[in-house]
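Trainee: This is work.cif (mmCIF, C-alpha atoms).
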data_data
loop_
_atom_site.group_PDB
_atom_site.id
_atom_site.type_symbol
_atom_site.label_atom_id
_atom_site.label_comp_id
_atom_site.auth_asym_id
_atom_site.auth_seq_id
_atom_site.Cartn_x
_atom_site.Cartn_y
_atom_site.Cartn_z
ATOM 1 C CA GLU A 1 59.425 15.743 -40.220
ATOM 2 C CA SER A 2 59.604 15.154 -36.477
ATOM 3 C CA THR A 3 60.710 11.820 -35.105
ATOM 4 C CA LEU A 4 58.207 11.909 -32.249
ATOM 5 C CA LEU A 5 54.940 10.142 -32.987
ATOM 6 C CA PRO A 6 54.768 11.154 -36.657
ATOM 7 C CA SER A 7 52.635 8.308 -37.981
ATOM 8 C CA SER A 8 50.347 8.399 -34.955
ATOM 9 C CA ILE A 9 49.705 12.126 -34.960
ATOM 10 C CA ILE A 10 49.385 12.678 -38.686
ATOM 11 C CA ASP A 11 46.593 10.792 -40.414
ATOM 12 C CA THR A 12 46.558 9.933 -44.099
ATOM 13 C CA SER A 13 44.528 13.009 -45.086
ATOM 14 C CA GLY A 14 47.273 15.300 -43.757
ATOM 15 C CA GLY A 15 45.323 16.204 -40.628
ATOM 16 C CA ILE A 16 45.989 15.253 -37.050
ATOM 17 C CA ASN A 17 44.785 11.998 -35.533
ATOM 18 C CA THR A 18 42.824 12.889 -32.404
ATOM 19 C CA GLU A 19 41.208 9.556 -31.652
ATOM 20 C CA ARG A 20 41.428 8.535 -28.011
ATOM 21 C CA ASN A 21 41.082 5.028 -26.656
ATOM 22 C CA GLU A 22 39.064 5.458 -23.441
ATOM 23 C CA THR A 23 39.619 1.845 -22.335
ATOM 24 C CA ASP A 24 43.405 2.120 -22.413
ATOM 25 C CA PRO A 25 44.891 1.568 -18.937
ATOM 26 C CA THR A 26 47.890 3.839 -19.621
ATOM 27 C CA PRO A 27 49.219 5.378 -16.385
ATOM 28 C CA ASP A 28 48.260 9.040 -16.223
ATOM 29 C CA VAL A 29 50.695 11.695 -14.968
ATOM 30 C CA PHE A 30 47.842 14.229 -14.684
ATOM 31 C CA PHE A 31 45.942 11.862 -12.379
ATOM 32 C CA GLU A 32 49.074 11.428 -10.271
ATOM 33 C CA ILE A 33 49.627 15.189 -10.022
ATOM 34 C CA THR A 34 45.981 15.670 -9.010
ATOM 35 C CA GLN A 35 45.988 12.772 -6.538
ATOM 36 C CA TYR A 36 48.852 14.289 -4.539
ATOM 37 C CA ASP A 37 47.701 17.892 -5.050
ATOM 38 C CA TYR A 38 50.902 18.785 -6.881
ATOM 39 C CA TRP A 39 48.999 21.516 -8.726
ATOM 40 C CA ASN A 40 49.343 23.320 -5.400
ATOM 41 C CA THR A 41 52.892 24.695 -5.289
ATOM 42 C CA ALA A 42 52.956 24.405 -1.480
ATOM 43 C CA ALA A 43 52.541 20.636 -1.830
ATOM 44 C CA LEU A 44 55.577 20.520 -4.109
ATOM 45 C CA ASN A 45 57.847 21.462 -1.243
ATOM 46 C CA HIS A 46 56.721 18.599 0.996
ATOM 47 C CA VAL A 47 59.753 17.244 2.813
ATOM 48 C CA GLY A 48 60.451 13.573 2.272
ATOM 49 C CA ASP A 49 59.039 13.063 -1.195
ATOM 50 C CA ASN A 50 62.424 13.468 -2.952
ATOM 51 C CA ASN A 51 61.078 16.172 -5.268
ATOM 52 C CA TYR A 52 58.474 13.755 -6.637
ATOM 53 C CA GLY A 53 55.948 16.550 -7.218
ATOM 54 C CA ASN A 54 58.503 18.773 -8.920
ATOM 55 C CA ILE A 55 59.677 15.862 -11.033
ATOM 56 C CA LEU A 56 56.161 15.009 -12.206
ATOM 57 C CA ARG A 57 55.152 18.605 -12.895
ATOM 58 C CA THR A 58 58.371 19.468 -14.705
ATOM 59 C CA CYS A 59 58.224 16.355 -16.862
ATOM 60 C CA MET A 60 54.526 16.974 -17.601
ATOM 61 C CA MET A 61 55.295 20.566 -18.588
ATOM 62 C CA ASP A 62 58.256 19.572 -20.778
ATOM 63 C CA LEU A 63 56.426 16.838 -22.660
ATOM 64 C CA SER A 64 53.163 18.799 -22.957
ATOM 65 C CA LEU A 65 55.080 21.760 -24.359
ATOM 66 C CA ASP A 66 56.837 19.470 -26.820
ATOM 67 C CA TYR A 67 53.599 17.823 -27.950
ATOM 68 C CA CYS A 68 51.649 21.084 -28.181
ATOM 69 C CA SER A 69 54.474 22.688 -30.167
ATOM 70 C CA ARG A 70 54.317 19.828 -32.653
ATOM 71 C CA VAL A 71 50.527 20.128 -32.908
ATOM 72 C CA SER A 72 50.761 23.903 -33.392
ATOM 73 C CA THR A 73 53.403 23.498 -36.086
ATOM 74 C CA LYS A 74 51.297 20.972 -37.979
ATOM 75 C CA VAL A 75 48.176 23.140 -37.673
ATOM 76 C CA GLY A 76 50.135 26.158 -38.906
ATOM 77 C CA GLU A 77 51.405 24.193 -41.895
ATOM 78 C CA ASN A 78 47.812 23.337 -42.824
ATOM 79 C CA VAL A 79 46.513 26.918 -42.710
ATOM 80 C CA ARG A 80 45.642 28.179 -46.151
ATOM 81 C CA ASP A 81 47.510 31.188 -47.495
ATOM 82 C CA LYS A 82 44.224 32.817 -48.481
ATOM 83 C CA GLU A 83 43.036 32.667 -44.836
ATOM 84 C CA VAL A 84 46.157 34.483 -43.703
ATOM 85 C CA ASP A 85 45.974 36.918 -46.615
ATOM 86 C CA ALA A 86 42.385 37.816 -45.700
ATOM 87 C CA ILE A 87 43.398 38.643 -42.135
ATOM 88 C CA LEU A 88 46.381 40.699 -43.280
ATOM 89 C CA ALA A 89 44.270 42.554 -45.864
ATOM 90 C CA LYS A 90 41.860 43.692 -43.134
ATOM 91 C CA HIS A 91 44.728 45.330 -41.250
ATOM 92 C CA THR A 92 46.979 46.731 -43.971
ATOM 93 C CA ASN A 93 48.029 49.704 -41.841
ATOM 94 C CA ASP A 94 48.030 48.090 -38.415
ATOM 95 C CA VAL A 95 50.594 45.326 -38.002
ATOM 96 C CA ASP A 96 49.791 44.830 -34.306
ATOM 97 C CA ALA A 97 46.086 44.280 -35.014
ATOM 98 C CA ALA A 98 46.932 41.881 -37.845
ATOM 99 C CA MET A 99 49.257 39.873 -35.621
ATOM 100 C CA GLU A 100 46.711 39.766 -32.803
ATOM 101 C CA GLU A 101 43.951 38.502 -35.107
ATOM 102 C CA LEU A 102 46.278 36.010 -36.750
ATOM 103 C CA THR A 103 47.368 34.712 -33.335
ATOM 104 C CA LEU A 104 43.746 34.261 -32.249
ATOM 105 C CA PHE A 105 42.916 32.587 -35.561
ATOM 106 C CA LEU A 106 45.752 30.069 -35.146
ATOM 107 C CA LYS A 107 44.860 29.472 -31.503
ATOM 108 C CA ASP A 108 41.295 28.651 -32.559
ATOM 109 C CA LYS A 109 42.623 26.241 -35.192
ATOM 110 C CA VAL A 110 44.793 24.513 -32.559
ATOM 111 C CA ALA A 111 41.791 24.312 -30.205
ATOM 112 C CA GLU A 112 39.856 22.431 -32.884
ATOM 113 C CA VAL A 113 42.535 19.726 -32.825
ATOM 114 C CA GLU A 114 43.796 19.737 -29.215
ATOM 115 C CA PRO A 115 41.823 22.065 -26.917
ATOM 116 C CA PHE A 116 44.334 21.797 -24.053
ATOM 117 C CA CYS A 117 47.158 22.889 -26.349
ATOM 118 C CA ALA A 118 45.228 26.096 -27.047
ATOM 119 C CA ILE A 119 45.396 27.052 -23.362
ATOM 120 C CA PHE A 120 48.674 25.387 -22.405
ATOM 121 C CA ASP A 121 50.862 28.487 -22.813
ATOM 122 C CA GLU A 122 48.620 30.506 -20.501
ATOM 123 C CA CYS A 123 48.515 27.633 -18.001
ATOM 124 C CA LEU A 124 52.294 27.409 -18.022
ATOM 125 C CA ALA A 125 52.745 31.172 -17.643
ATOM 126 C CA ASP A 126 50.330 31.196 -14.694
ATOM 127 C CA ASP A 127 51.903 28.121 -13.040
ATOM 128 C CA PHE A 128 48.719 26.100 -13.598
ATOM 129 C CA ALA A 129 46.888 28.230 -11.037
ATOM 130 C CA GLU A 130 43.574 28.301 -12.923
ATOM 131 C CA GLU A 131 41.135 25.442 -12.424
ATOM 132 C CA GLU A 132 40.854 24.783 -16.181
ATOM 133 C CA CYS A 133 44.595 24.071 -16.175
ATOM 134 C CA GLN A 134 44.469 21.604 -13.298
ATOM 135 C CA VAL A 135 43.090 18.703 -15.281
ATOM 136 C CA LYS A 136 42.367 15.466 -13.471
ATOM 137 C CA SER A 137 43.314 13.155 -16.322
ATOM 138 C CA CYS A 138 45.222 13.428 -19.560
ATOM 139 C CA PRO A 139 43.556 16.255 -21.496
ATOM 140 C CA PHE A 140 44.873 15.361 -24.912
ATOM 141 C CA GLU A 141 42.543 14.005 -27.558
ATOM 142 C CA ASN A 142 45.290 11.818 -29.003
ATOM 143 C CA ASP A 143 45.826 8.704 -26.885
ATOM 144 C CA VAL A 144 49.414 8.448 -28.159
ATOM 145 C CA ALA A 145 50.135 11.856 -26.603
ATOM 146 C CA CYS A 146 48.798 10.531 -23.303
ATOM 147 C CA LYS A 147 51.080 7.512 -23.606
ATOM 148 C CA TYR A 148 53.978 9.849 -24.361
ATOM 149 C CA LEU A 149 53.282 11.811 -21.174
ATOM 150 C CA SER A 150 52.927 8.607 -19.166
ATOM 151 C CA SER A 151 56.692 8.235 -19.604
ATOM 152 C CA CYS A 152 56.945 10.782 -16.766
ATOM 153 C CA LEU A 153 55.985 7.887 -14.469
ATOM 154 C CA ILE A 154 58.867 5.660 -15.597
ATOM 155 C CA PRO A 155 61.492 5.412 -12.829
ATOM 156 C CA GLY A 156 64.422 5.985 -15.222
ATOM 157 C CA VAL A 157 62.863 9.185 -16.550
ATOM 158 C CA GLN A 158 62.182 10.327 -12.996
ATOM 159 C CA GLN A 159 65.826 9.645 -12.092
ATOM 160 C CA GLU A 160 66.949 11.962 -14.895
ATOM 161 C CA TYR A 161 64.708 14.745 -13.594
ATOM 162 C CA SER A 162 65.814 14.032 -10.044
ATOM 163 C CA ALA A 163 69.425 14.463 -11.097
ATOM 164 C CA MET A 164 68.494 17.799 -12.635
ATOM 165 C CA PHE A 165 66.932 18.973 -9.363
ATOM 166 C CA SER A 166 69.925 17.682 -7.374
ATOM 167 C CA SER A 167 72.398 19.637 -9.462
ATOM 168 C CA SER A 168 70.509 22.939 -9.219
#
Would it be possible to restate this file's structure as C-alpha coordinates?

Mentor:
Amino acid sequence: ESTLLPSSIIDTSGGINTERNETDPTPDVFFEITQYDYWNTAALNHVGDNNYGNILRTCMMDLSLDYCSRVSTKVGENVRDKEVDAILAKHTNDVDAAMEELTLFLKDKVAEVEPFCAIFDECLADDFAEEECQVKSCPFENDVACKYLSSCLIPGVQQEYSAMFSSS
(Lines of atoms letter the chains of each structure in order from A and count residues from 1; the text may use other names and numbers.)
(Lines give C-alpha, C1' and ligand atoms only; values in the text may rest on other atoms or scores of the structure.)
Protein backbone atom coordinates (compact mmCIF):
# COMPACT_ATOMS: atom_id res chain seq x y z
CA GLU A 1 0.00 0.00 0.00
CA SER A 2 1.14 3.55 -0.67
CA THR A 3 2.69 5.63 2.08
CA LEU A 4 0.99 8.82 0.93
CA LEU A 5 -2.29 9.56 2.68
CA PRO A 6 -3.43 5.93 2.92
CA SER A 7 -5.72 6.21 5.93
CA SER A 8 -7.16 9.50 4.74
CA ILE A 9 -7.93 8.43 1.19
CA ILE A 10 -9.20 4.94 1.88
CA ASP A 11 -12.27 4.69 4.09
CA THR A 12 -13.21 1.63 6.11
CA SER A 13 -15.53 0.23 3.43
CA GLY A 14 -12.63 -0.01 0.97
CA GLY A 15 -13.75 3.03 -1.01
CA ILE A 16 -12.16 6.43 -1.26
CA ASN A 17 -12.82 9.19 1.25
CA THR A 18 -13.95 12.23 -0.72
CA GLU A 19 -15.20 14.42 2.10
CA ARG A 20 -14.03 18.02 1.88
CA ASN A 21 -13.89 20.50 4.72
CA GLU A 22 -15.04 23.79 3.15
CA THR A 23 -14.09 25.85 6.22
CA ASP A 24 -10.46 24.73 6.18
CA PRO A 25 -8.12 27.70 5.63
CA THR A 26 -5.48 25.58 3.87
CA PRO A 27 -3.43 27.68 1.42
CA ASP A 28 -4.45 26.85 -2.14
CA VAL A 29 -1.88 26.50 -4.93
CA PHE A 30 -4.65 26.64 -7.56
CA PHE A 31 -5.82 30.00 -6.18
CA GLU A 32 -2.24 31.27 -6.31
CA ILE A 33 -1.78 30.12 -9.91
CA THR A 34 -5.07 31.79 -10.88
CA GLN A 35 -4.32 35.00 -8.96
CA TYR A 36 -1.10 35.59 -10.90
CA ASP A 37 -2.48 34.23 -14.19
CA TYR A 38 0.11 31.46 -14.27
CA TRP A 39 -2.29 29.36 -16.33
CA ASN A 40 -1.18 31.70 -19.11
CA THR A 41 2.22 30.45 -20.26
CA ALA A 42 3.26 34.00 -21.24
CA ALA A 43 2.91 35.03 -17.59
CA LEU A 44 5.27 32.23 -16.58
CA ASN A 45 8.16 33.96 -18.30
CA HIS A 46 7.75 37.22 -16.39
CA VAL A 47 11.19 38.56 -15.56
CA GLY A 48 11.86 39.11 -11.88
CA ASP A 49 9.64 36.48 -10.33
CA ASN A 50 12.45 33.89 -9.97
CA ASN A 51 10.46 31.23 -11.82
CA TYR A 52 7.68 31.44 -9.22
CA GLY A 53 4.99 30.62 -11.80
CA ASN A 54 6.94 27.70 -13.20
CA ILE A 55 7.65 26.44 -9.70
CA LEU A 56 3.99 26.54 -8.69
CA ARG A 57 2.70 24.98 -11.90
CA THR A 58 5.32 22.24 -11.96
CA CYS A 59 4.75 21.34 -8.32
CA MET A 60 0.96 21.40 -8.85
CA MET A 61 1.32 19.12 -11.87
CA ASP A 62 3.66 16.71 -10.07
CA LEU A 63 1.52 16.36 -6.96
CA SER A 64 -1.78 16.27 -8.88
CA LEU A 65 -0.40 13.53 -11.11
CA ASP A 66 0.76 11.61 -8.05
CA TYR A 67 -2.59 11.94 -6.29
CA CYS A 68 -4.66 11.14 -9.39
CA SER A 69 -2.49 8.09 -10.11
CA ARG A 70 -3.17 6.82 -6.60
CA VAL A 71 -6.91 7.44 -6.99
CA SER A 72 -6.94 5.69 -10.38
CA THR A 73 -5.06 2.71 -8.98
CA LYS A 74 -7.48 2.35 -6.08
CA VAL A 75 -10.50 2.70 -8.38
CA GLY A 76 -9.03 0.09 -10.72
CA GLU A 77 -8.49 -2.30 -7.82
CA ASN A 78 -12.17 -1.96 -6.89
CA VAL A 79 -13.53 -2.71 -10.37
CA ARG A 80 -15.29 -6.04 -10.47
CA ASP A 81 -13.94 -8.73 -12.77
CA LYS A 82 -17.42 -9.34 -14.15
CA GLU A 83 -17.64 -5.67 -15.26
CA VAL A 84 -14.40 -6.03 -17.19
CA ASP A 85 -15.41 -9.44 -18.54
CA ALA A 86 -18.68 -8.00 -19.87
CA ILE A 87 -16.83 -5.28 -21.77
CA LEU A 88 -14.31 -7.76 -23.18
CA ALA A 89 -17.08 -10.19 -24.19
CA LYS A 90 -18.75 -7.48 -26.28
CA HIS A 91 -15.56 -7.03 -28.30
CA THR A 92 -14.13 -10.53 -28.61
CA ASN A 93 -12.69 -9.84 -32.06
CA ASP A 94 -11.76 -6.19 -31.67
CA VAL A 95 -9.07 -5.55 -29.07
CA ASP A 96 -8.89 -1.82 -29.86
CA ALA A 97 -12.63 -1.35 -29.29
CA ALA A 98 -12.44 -3.34 -26.06
CA MET A 99 -9.55 -1.24 -24.78
CA GLU A 100 -11.30 2.00 -25.73
CA GLU A 101 -14.50 1.02 -23.92
CA LEU A 102 -12.58 -0.24 -20.91
CA THR A 103 -10.61 3.02 -20.76
CA LEU A 104 -13.82 5.07 -20.87
CA PHE A 105 -15.40 2.82 -18.25
CA LEU A 106 -12.46 3.32 -15.87
CA LYS A 107 -12.37 7.05 -16.55
CA ASP A 108 -16.06 7.26 -15.60
CA LYS A 109 -15.35 5.33 -12.40
CA VAL A 110 -12.52 7.75 -11.53
CA ALA A 111 -14.82 10.71 -12.26
CA GLU A 112 -17.30 9.38 -9.70
CA VAL A 113 -14.59 9.66 -7.04
CA GLU A 114 -12.46 12.62 -8.17
CA PRO A 115 -13.87 14.44 -11.22
CA PHE A 116 -10.70 16.50 -11.79
CA CYS A 117 -8.60 13.34 -11.92
CA ALA A 118 -10.76 12.13 -14.81
CA ILE A 119 -9.70 15.12 -16.92
CA PHE A 120 -6.22 15.72 -15.50
CA ASP A 121 -4.33 13.77 -18.17
CA GLU A 122 -5.98 15.77 -20.95
CA CYS A 123 -5.34 19.02 -19.07
CA LEU A 124 -1.69 18.13 -18.66
CA ALA A 125 -1.30 17.11 -22.31
CA ASP A 126 -2.88 20.39 -23.43
CA ASP A 127 -0.83 22.52 -20.99
CA PHE A 128 -3.97 23.48 -19.06
CA ALA A 129 -5.17 25.57 -22.01
CA GLU A 130 -8.86 24.66 -21.62
CA GLU A 131 -10.98 26.68 -19.21
CA GLU A 132 -12.18 23.55 -17.37
CA CYS A 133 -8.54 22.85 -16.51
CA GLN A 134 -7.84 26.31 -15.14
CA VAL A 135 -9.57 25.81 -11.82
CA LYS A 136 -9.68 28.71 -9.40
CA SER A 137 -9.41 26.65 -6.23
CA CYS A 138 -8.40 23.13 -5.33
CA PRO A 139 -10.60 20.85 -7.44
CA PHE A 140 -10.16 17.71 -5.41
CA GLU A 141 -13.04 16.34 -3.38
CA ASN A 142 -10.67 15.06 -0.70
CA ASP A 143 -9.50 17.88 1.57
CA VAL A 144 -6.34 15.90 2.41
CA ALA A 145 -5.38 16.01 -1.28
CA CYS A 146 -5.78 19.79 -1.19
CA LYS A 147 -3.54 19.93 1.88
CA TYR A 148 -1.02 17.75 0.07
CA LEU A 149 -0.96 20.17 -2.87
CA SER A 150 -0.67 23.15 -0.53
CA SER A 151 2.87 21.92 0.16
CA CYS A 152 3.74 23.60 -3.16
CA LEU A 153 3.50 26.89 -1.24
CA ILE A 154 6.09 25.87 1.38
CA PRO A 155 9.34 27.81 0.83
CA GLY A 156 11.54 24.71 1.23
CA VAL A 157 9.58 22.83 -1.43
CA GLN A 158 9.78 25.86 -3.71
CA GLN A 159 13.55 25.99 -3.18
CA GLU A 160 13.84 22.39 -4.39
CA TYR A 161 11.90 23.22 -7.55
CA SER A 162 13.90 26.41 -7.99
CA ALA A 163 17.11 24.40 -7.87
CA MET A 164 15.69 22.13 -10.56
CA PHE A 165 14.97 25.11 -12.82
CA SER A 166 18.42 26.59 -12.11
CA SER A 167 20.20 23.42 -13.14
CA SER A 168 18.32 23.03 -16.43

Trainee: With a distance cut-off of 12 Å and only C-alpha atoms, select the neighbouring residues of Val157 of chain A, excluding the residue or stretch itself and same-chain residues fewer than 6 positions from it, and output the selection as a list of chain:residue names.

Mentor: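 The neighbour list is A:Tyr52, A:Ile55, A:Leu56, A:Thr58, A:Cys59, A:Met60, A:Leu63, A:Tyr148, A:Leu149, A:Ser150, A:Ser151, A:Ala163, A:Met164.
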
Trainee: Residue by residue, what does the PyMOL selection byres ((chain A and resi 100-106) around 12) grab here? Present the result as a ChimeraX atom specification.

Mentor: /A:71-81,83-91,94-99,107-113,117-119

Trainee: Which polymer residues, whether protein, DNA or RNA, lie within 12 Å of the coordinate (42.9, 14.2, -25.0) when you count only C-alpha atoms? List them as a short mmCIF file (atom, residue, chain, number, x, y, z; two decimals) with C-alpha atoms, in the frame of the given file, using the chain letters and numbers from the file.

Mentor:
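Okay, this is what ended up in result07.cif:
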data_model
loop_
_atom_site.label_atom_id
_atom_site.label_comp_id
_atom_site.auth_asym_id
_atom_site.auth_seq_id
_atom_site.Cartn_x
_atom_site.Cartn_y
_atom_site.Cartn_z
CA ASN A 17 44.78 12.00 -35.53
CA THR A 18 42.82 12.89 -32.40
CA GLU A 19 41.21 9.56 -31.65
CA ARG A 20 41.43 8.54 -28.01
CA ASN A 21 41.08 5.03 -26.66
CA GLU A 22 39.06 5.46 -23.44
CA ASP A 28 48.26 9.04 -16.22
CA PHE A 30 47.84 14.23 -14.68
CA SER A 64 53.16 18.80 -22.96
CA TYR A 67 53.60 17.82 -27.95
CA CYS A 68 51.65 21.08 -28.18
CA ALA A 111 41.79 24.31 -30.20
CA GLU A 112 39.86 22.43 -32.88
CA VAL A 113 42.54 19.73 -32.83
CA GLU A 114 43.80 19.74 -29.22
CA PRO A 115 41.82 22.06 -26.92
CA PHE A 116 44.33 21.80 -24.05
CA CYS A 117 47.16 22.89 -26.35
CA VAL A 135 43.09 18.70 -15.28
CA LYS A 136 42.37 15.47 -13.47
CA SER A 137 43.31 13.16 -16.32
CA CYS A 138 45.22 13.43 -19.56
CA PRO A 139 43.56 16.26 -21.50
CA PHE A 140 44.87 15.36 -24.91
CA GLU A 141 42.54 14.00 -27.56
CA ASN A 142 45.29 11.82 -29.00
CA ASP A 143 45.83 8.70 -26.88
CA VAL A 144 49.41 8.45 -28.16
CA ALA A 145 50.14 11.86 -26.60
CA CYS A 146 48.80 10.53 -23.30
CA LYS A 147 51.08 7.51 -23.61
CA TYR A 148 53.98 9.85 -24.36
CA LEU A 149 53.28 11.81 -21.17
#

Trainee: Have a look at A:Asn93, A:Leu65, A:Glu32, A:Gly156 and name the one nearest to Asp121 of chain A; count all atoms listed in the file.

Mentor: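 Looking only at the distances to Asp121 of chain A, the closest residue turns out to be A:Leu65.
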
Trainee: For Thr26 of chain A, which residue out of A:Asp126, A:Gln159, A:Leu153, A:Ser166 is the nearest one, using only C-alpha atoms?

Mentor: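 Closest to Thr26 of chain A of all the choices is A:Leu153.
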
Trainee: Which distance in Å separates atom CA of Asn51 of chain A and atom CA of Thr34 of chain A, to one decimal?

Mentor: 15.6 Å

Trainee: Please compute the atom CA of Tyr36 of chain A-atom CA of Gly53 of chain A distance, one decimal, in Å.

Mentor: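 One can read the atom CA of Tyr36 of chain A to atom CA of Gly53 of chain A distance as 7.9 Å.
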
Trainee: Report the distance between atom CA of Glu160 of chain A and atom CA of Phe120 of chain A in Å, rounded to one decimal place.

Mentor: 23.9 Å

Trainee: Edge lengths and centre in Å to one decimal, as JSON, is what I'm after for the box along x, y and z that holds all listed atoms of segment 31-44 of chain A once 5 Å is added on each side.

Mentor:
{"center_x": 50.8, "center_y": 18.1, "center_z": -6.9, "size_x": 19.6, "size_y": 23.3, "size_z": 20.9}
